[in-house]
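Listing of work_9.csv; format and content: CSV, C-alpha atoms.
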chain,number,residue,atom,x,y,z
A,20,MET,CA,-82.8,80.6,92.8
A,21,GLU,CA,-81.6,84.2,93.3
A,22,GLY,CA,-78.1,84.9,92.0
A,23,LEU,CA,-77.8,81.5,90.2
A,24,HIS,CA,-77.4,82.2,86.5
A,25,ILE,CA,-77.7,79.0,84.3
A,26,THR,CA,-78.0,79.3,80.5
A,27,LEU,CA,-77.7,76.6,77.8
A,28,GLY,CA,-76.0,79.1,75.5
A,29,ALA,CA,-72.8,81.0,76.2
A,30,ASP,CA,-73.2,84.6,77.3
A,31,THR,CA,-72.1,87.3,74.8
A,32,LEU,CA,-69.7,89.7,76.4
A,33,GLY,CA,-69.3,92.1,73.4
A,34,HIS,CA,-68.6,92.2,69.7
A,35,PHE,CA,-65.4,92.5,67.6
A,36,LEU,CA,-65.7,93.4,63.9
A,37,GLY,CA,-69.4,92.4,64.2
A,38,LEU,CA,-68.6,88.9,65.6
A,39,PRO,CA,-69.8,88.0,69.1
A,40,ILE,CA,-67.3,87.5,71.9
A,41,THR,CA,-68.7,84.9,74.2
A,42,ASN,CA,-67.4,83.8,77.6
A,43,THR,CA,-66.3,80.4,76.2
A,44,LEU,CA,-64.2,82.0,73.4
A,45,ILE,CA,-61.5,83.2,75.8
A,46,PRO,CA,-61.0,79.8,77.4
A,47,ALA,CA,-61.0,78.2,74.0
A,48,LEU,CA,-58.2,80.6,72.8
A,49,MET,CA,-56.4,79.9,76.1
A,50,ALA,CA,-56.5,76.1,75.4
A,51,SER,CA,-55.2,76.7,71.9
A,52,VAL,CA,-52.4,78.9,73.0
A,53,ILE,CA,-51.4,76.4,75.7
A,54,LEU,CA,-51.2,73.6,73.2
A,55,LEU,CA,-49.3,75.7,70.7
A,56,VAL,CA,-46.7,76.7,73.3
A,57,LEU,CA,-46.3,73.1,74.4
A,58,ALA,CA,-45.9,72.0,70.8
A,59,PHE,CA,-43.1,74.6,70.4
A,60,VAL,CA,-41.4,74.2,73.7
A,61,VAL,CA,-41.5,70.4,74.5
A,62,PRO,CA,-39.6,69.2,71.4
A,63,ARG,CA,-36.8,71.7,72.3
A,64,THR,CA,-36.4,70.4,75.8
A,65,LEU,CA,-36.0,66.7,74.9
A,66,LYS,CA,-32.7,65.1,75.7
A,67,MET,CA,-30.9,62.0,74.7
A,68,LEU,CA,-30.8,61.0,78.4
A,69,PRO,CA,-34.4,61.5,79.3
A,70,SER,CA,-35.6,62.7,82.7
A,71,LYS,CA,-38.5,61.1,84.5
A,72,GLY,CA,-40.9,63.6,83.1
A,73,GLN,CA,-39.6,63.1,79.5
A,74,THR,CA,-39.8,59.3,80.0
A,75,LEU,CA,-43.4,59.6,81.1
A,76,PHE,CA,-44.3,61.9,78.2
A,77,GLU,CA,-42.6,59.6,75.6
A,78,THR,CA,-44.3,56.6,77.1
A,79,ALA,CA,-47.7,58.3,76.9
A,80,ILE,CA,-47.1,59.4,73.3
A,81,GLY,CA,-45.7,56.1,72.3
A,82,GLY,CA,-48.5,54.1,73.9
A,83,GLY,CA,-51.1,56.3,72.2
A,84,PHE,CA,-49.5,55.9,68.8
A,85,GLY,CA,-49.1,52.2,69.3
A,86,TYR,CA,-52.8,51.9,70.1
A,87,VAL,CA,-53.8,53.9,67.1
A,88,GLU,CA,-51.6,51.7,64.9
A,89,GLU,CA,-53.1,48.5,66.4
A,90,VAL,CA,-56.7,49.7,65.8
A,91,LEU,CA,-56.0,50.9,62.2
A,92,GLY,CA,-53.7,47.9,61.4
A,93,ASP,CA,-51.3,50.0,59.4
A,94,ARG,CA,-48.4,52.2,60.5
A,95,LYS,CA,-48.8,54.6,57.6
A,96,LEU,CA,-52.4,55.2,58.5
A,97,ALA,CA,-51.5,55.6,62.1
A,98,GLU,CA,-48.8,58.2,61.2
A,99,ARG,CA,-51.5,60.0,59.1
A,100,PHE,CA,-54.3,60.1,61.7
A,101,PHE,CA,-52.6,60.0,65.1
A,102,PRO,CA,-51.9,63.8,65.0
A,103,LEU,CA,-55.7,64.4,64.6
A,104,ILE,CA,-56.7,62.0,67.3
A,105,ALA,CA,-54.1,63.4,69.7
A,106,THR,CA,-55.1,67.0,68.9
A,107,LEU,CA,-58.8,66.4,69.6
A,108,PHE,CA,-58.0,64.6,72.8
A,109,SER,CA,-55.6,67.4,74.0
A,110,PHE,CA,-57.8,70.3,73.1
A,111,ILE,CA,-60.9,68.8,74.8
A,112,LEU,CA,-58.8,67.8,77.9
A,113,VAL,CA,-57.1,71.1,78.3
A,114,GLY,CA,-60.5,72.9,77.7
A,115,ASN,CA,-62.1,70.7,80.4
A,116,LEU,CA,-59.2,71.3,82.9
A,117,LEU,CA,-59.3,75.0,82.4
A,118,GLY,CA,-62.9,74.9,83.7
A,119,PHE,CA,-61.4,74.1,87.2
A,120,LEU,CA,-59.6,77.4,87.4
A,121,PRO,CA,-61.0,79.5,90.3
A,122,VAL,CA,-61.8,82.4,88.1
A,123,VAL,CA,-63.9,80.4,85.6
A,124,GLY,CA,-67.5,80.9,86.5
A,125,SER,CA,-66.9,83.1,89.5
A,126,VAL,CA,-65.5,86.3,88.1
A,127,GLY,CA,-67.9,88.5,86.1
A,128,PHE,CA,-70.4,91.3,86.3
A,129,PHE,CA,-74.0,91.5,87.5
A,130,GLU,CA,-77.1,91.9,85.4
A,131,GLU,CA,-80.6,92.6,86.5
A,132,HIS,CA,-83.3,90.0,85.4
A,133,ASP,CA,-86.8,90.5,86.6
A,134,GLY,CA,-85.6,92.5,89.6
A,135,LYS,CA,-83.0,89.9,90.5
A,136,SER,CA,-79.2,90.4,90.2
A,137,THR,CA,-77.4,87.5,88.6
A,138,LEU,CA,-73.7,87.0,87.9
A,139,VAL,CA,-72.7,86.7,84.3
A,140,ALA,CA,-69.3,85.0,84.2
A,141,LEU,CA,-66.5,86.4,82.1
A,142,LEU,CA,-65.2,82.8,81.6
A,143,ARG,CA,-67.2,79.7,81.1
A,144,PRO,CA,-65.9,76.1,80.6
A,145,VAL,CA,-65.2,75.6,76.9
A,146,ASN,CA,-67.1,72.4,76.3
A,147,THR,CA,-70.3,73.7,77.9
A,148,ASP,CA,-70.9,75.6,74.7
A,149,LEU,CA,-72.7,73.6,72.1
A,150,ASN,CA,-71.1,75.7,69.4
A,151,VAL,CA,-67.7,74.5,70.4
A,152,THR,CA,-68.7,70.8,70.6
A,153,LEU,CA,-70.5,71.1,67.3
A,154,ALA,CA,-67.4,72.6,65.7
A,155,LEU,CA,-65.3,69.7,67.1
A,156,ALA,CA,-68.0,67.2,65.8
A,157,ILE,CA,-67.8,68.8,62.3
A,158,ALA,CA,-64.0,68.6,62.3
A,159,ALA,CA,-64.1,64.9,63.3
A,160,VAL,CA,-66.9,63.9,60.9
A,161,VAL,CA,-65.3,65.7,58.0
A,162,ALA,CA,-61.9,64.0,58.8
A,163,ILE,CA,-63.6,60.6,58.9
A,164,GLN,CA,-65.1,61.1,55.4
A,165,VAL,CA,-61.8,62.4,54.0
A,166,ALA,CA,-60.0,59.4,55.6
A,167,GLY,CA,-62.3,57.0,53.8
A,168,ILE,CA,-62.1,58.8,50.5
A,169,ALA,CA,-58.3,59.2,50.6
A,170,THR,CA,-57.8,55.5,51.5
A,171,LEU,CA,-60.4,53.8,49.4
A,172,GLY,CA,-61.1,56.3,46.6
A,173,LEU,CA,-64.3,58.2,46.0
A,174,LEU,CA,-66.2,55.6,44.1
A,175,LYS,CA,-65.3,52.7,46.4
A,176,TYR,CA,-66.0,54.7,49.5
A,177,GLY,CA,-69.3,56.0,48.0
A,178,SER,CA,-70.4,52.4,47.3
A,179,LYS,CA,-70.8,52.0,51.1
A,180,PHE,CA,-73.8,54.4,50.9
A,181,VAL,CA,-75.1,53.9,47.4
A,182,ASN,CA,-75.5,50.2,46.6
A,183,LEU,CA,-77.6,49.5,43.5
A,184,HIS,CA,-76.9,45.8,43.4
A,185,SER,CA,-79.9,44.8,45.5
A,186,VAL,CA,-82.9,46.4,47.3
A,187,LEU,CA,-81.4,45.2,50.6
A,188,GLY,CA,-78.0,46.6,49.8
A,189,PHE,CA,-79.6,50.0,48.8
A,190,ALA,CA,-81.6,50.1,52.1
A,191,ILE,CA,-78.5,49.3,54.2
A,192,GLY,CA,-76.6,52.0,52.3
A,193,ILE,CA,-79.2,54.6,53.1
A,194,ILE,CA,-79.1,53.6,56.8
A,195,GLU,CA,-75.3,54.0,56.7
A,196,LEU,CA,-75.7,57.4,55.2
A,197,PHE,CA,-78.1,58.6,57.9
A,198,SER,CA,-75.8,57.1,60.6
A,199,GLU,CA,-73.0,59.2,59.3
A,200,LEU,CA,-75.1,62.3,59.5
A,201,ALA,CA,-76.2,61.4,63.0
A,202,ARG,CA,-72.6,61.5,64.2
A,203,PHE,CA,-72.8,65.3,64.1
A,204,ILE,CA,-75.5,65.1,66.9
A,205,SER,CA,-74.0,62.2,68.8
A,206,PHE,CA,-70.5,63.7,68.9
A,207,SER,CA,-71.5,67.2,69.9
A,208,PHE,CA,-74.4,66.5,72.3
A,209,ARG,CA,-72.6,63.7,74.2
A,210,LEU,CA,-69.6,66.0,75.1
A,211,PHE,CA,-71.8,69.1,75.6
A,212,GLY,CA,-74.4,67.2,77.7
A,213,ASN,CA,-71.8,65.7,80.1
A,214,MET,CA,-69.8,68.9,80.6
A,215,PHE,CA,-72.9,71.1,80.9
A,216,ALA,CA,-74.5,68.8,83.5
A,217,GLY,CA,-71.3,68.8,85.5
A,218,LYS,CA,-71.3,72.6,85.5
A,219,VAL,CA,-74.9,72.8,86.7
A,220,MET,CA,-74.1,70.2,89.5
A,221,LEU,CA,-71.2,72.3,90.7
A,222,LEU,CA,-73.3,75.6,90.7
A,223,VAL,CA,-76.1,74.0,92.6
A,224,ALA,CA,-73.8,72.3,95.1
A,225,THR,CA,-71.9,75.5,95.7
A,226,ALA,CA,-75.1,77.4,96.2
A,227,PHE,CA,-76.5,75.0,98.8
A,228,VAL,CA,-73.4,73.7,100.6
A,229,PRO,CA,-70.4,75.9,99.5
A,230,VAL,CA,-67.8,74.3,101.9
A,231,PHE,CA,-67.7,70.5,101.6
A,232,LEU,CA,-70.1,69.2,99.0
A,233,PRO,CA,-68.4,70.7,95.9
A,234,VAL,CA,-65.1,68.8,96.6
A,235,PRO,CA,-66.2,65.3,95.7
A,236,ILE,CA,-68.1,66.7,92.7
A,237,LEU,CA,-64.9,68.5,91.5
A,238,VAL,CA,-63.0,65.2,91.7
A,239,PHE,CA,-65.8,63.4,89.9
A,240,GLU,CA,-66.0,66.1,87.2
A,241,PHE,CA,-62.2,66.0,86.8
A,242,LEU,CA,-62.5,62.3,86.0
A,243,VAL,CA,-65.5,63.0,83.7
A,244,GLY,CA,-63.4,65.6,81.8
A,245,VAL,CA,-60.6,63.2,81.2
A,246,ILE,CA,-63.0,60.4,80.2
A,247,GLN,CA,-65.0,62.5,77.8
A,248,ALA,CA,-61.8,63.7,76.0
A,249,ALA,CA,-60.8,60.1,75.6
A,250,ILE,CA,-64.2,59.0,74.4
A,251,PHE,CA,-64.4,61.7,71.8
A,252,ALA,CA,-60.9,60.8,70.5
A,253,LEU,CA,-61.5,57.1,70.6
A,254,LEU,CA,-64.9,57.3,68.7
A,255,THR,CA,-63.1,59.4,66.0
A,256,LEU,CA,-60.5,56.7,65.8
A,257,PHE,CA,-63.0,53.8,65.6
A,258,PHE,CA,-65.1,55.6,62.9
A,259,ILE,CA,-61.9,56.3,60.9
A,260,LYS,CA,-61.2,52.5,61.1
A,261,ILE,CA,-64.7,51.8,59.8
A,262,ALA,CA,-64.3,54.4,57.0
A,263,VAL,CA,-61.0,53.0,55.7
A,264,THR,CA,-62.2,49.4,55.8
A,265,GLU,CA,-63.0,47.9,52.4
A,266,PRO,CA,-66.8,47.6,51.7
A,267,HIS,CA,-68.3,44.1,51.6

Do you think you could lay out the structure here as structure tokens?
Amino acid sequence: MEGLHITLGADTLGHFLGLPITNTLIPALMASVILLVLAFVVPRTLKMLPSKGQTLFETAIGGGFGYVEEVLGDRKLAERFFPLIATLFSFILVGNLLGFLPVVGSVGFFEEHDGKSTLVALLRPVNTDLNVTLALAIAAVVAIQVAGIATLGLLKYGSKFVNLHSVLGFAIGIIELFSELARFISFSFRLFGNMFAGKVMLLVATAFVPVFLPVPILVFEFLVGVIQAAIFALLTLFFIKIAVTEPH
């Protein structure tokens, strides 16, 4: 389709100190800056007599913390890992929401490919870049392993994967080890696949019926963006729960 530019990988806009600057890097930095500003500003605006907005915010944070505490079954563990869960959810959510800005995917420059002019966007939704979702997956999986080791100790946690007491136990341990490694793929590709598919749907819908069809798809993709952020954070929480559970 002429003018429709769809690539699995992010487009490189230039280089800085030898490092590629892609069209997903800027939205990722924007999401990080937004979260840092909120983390700095929000605590300084809290009042003893809360407003409706503050009440809603405190209810959301308190409810999230309460759920993490319920899953982990220990308040100290919840205090230790809630910031990680909340950060993953917030970054993915803000990154997904930034993808709905009018300038994302629509402002850029044209390149010639096989005699056809295609638009290369200056900004692309953050989580449609596999590098970003893989980085999030690495952070989550490493945090899960650190949680298990810090809570149970290296030897006890390692016994989940290396069990020499029986042939069956050894086989189950190897399966557990491979399942841990598979989380790199499941974490990253689930988020990337859902967000990339949504981007392609919007591009195709806009190209064919630019007036009415994209609206319900935008609403659907908004819900998908929220749900995917929640799924990533919840899976991290549940895997942490498994990691800190005593081996049988």

Report, in Å with one decimal, the straight-line distance from CA of Pro266 (chain A) to CA of Lys179 (chain A).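 These two atoms are separated by 6.0 Å.
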
When you count only C-alpha atoms, which of these residues is closest to Gly212 (chain A): A:Gly244, A:Pro69, A:Gly192, A:Pro235?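 Of A:Gly244, A:Pro69, A:Gly192, A:Pro235, the one nearest Gly212 (chain A) is A:Gly244, counting only C-alpha atoms.
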
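The spacing separating CA of Val145 (chain A) from CA of Val160 (chain A) amounts to 19.9 Å.
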
For Asn150 (chain A), which residue among A:Phe119, A:Phe208, A:Phe108, A:Phe100 is the nearest when counting only C-alpha atoms?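 Between A:Phe119, A:Phe208, A:Phe108, A:Phe100, the residue approaching Asn150 (chain A) most closely is A:Phe208.
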
Rank nothing, just name the residue among A:Ile40, A:Ala169, A:Val60, A:Leu91 nearest to Thr255 (chain A), using only C-alpha atoms.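 Once distances to Thr255 (chain A) are computed over only C-alpha atoms, the minimum belongs to A:Leu91.
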
Find the residues near Val113 (chain A): any atom within 10 Å, counting only C-alpha atoms, skip ones fewer than 3 places away on the same chain, and give them as a tab-separated table (two decimals) with C-alpha atoms, in the frame of the given file.
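Saved to part-v5.tsv:
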chain	number	residue	atom	x	y	z
A	46	PRO	CA	-61.00	79.80	77.40
A	47	ALA	CA	-61.00	78.20	74.00
A	49	MET	CA	-56.40	79.90	76.10
A	50	ALA	CA	-56.50	76.10	75.40
A	51	SER	CA	-55.20	76.70	71.90
A	53	ILE	CA	-51.40	76.40	75.70
A	54	LEU	CA	-51.20	73.60	73.20
A	108	PHE	CA	-58.00	64.60	72.80
A	109	SER	CA	-55.60	67.40	74.00
A	110	PHE	CA	-57.80	70.30	73.10
A	116	LEU	CA	-59.20	71.30	82.90
A	117	LEU	CA	-59.30	75.00	82.40
A	118	GLY	CA	-62.90	74.90	83.70
A	145	VAL	CA	-65.20	75.60	76.90
A	244	GLY	CA	-63.40	65.60	81.80
A	245	VAL	CA	-60.60	63.20	81.20
A	248	ALA	CA	-61.80	63.70	76.00

Residues near Val123 (chain A), cut-off 6 Å, only C-alpha atoms, skip fewer than 3 positions along chain, as a list of chain:residue names: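 Near Val123 (chain A), the qualifying residues are A:Gly118, A:Leu120, A:Leu142, A:Arg143.
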
note - CA of Leu242 (chain A) and CA of Val87 (chain A) are separated by 22.4 Å
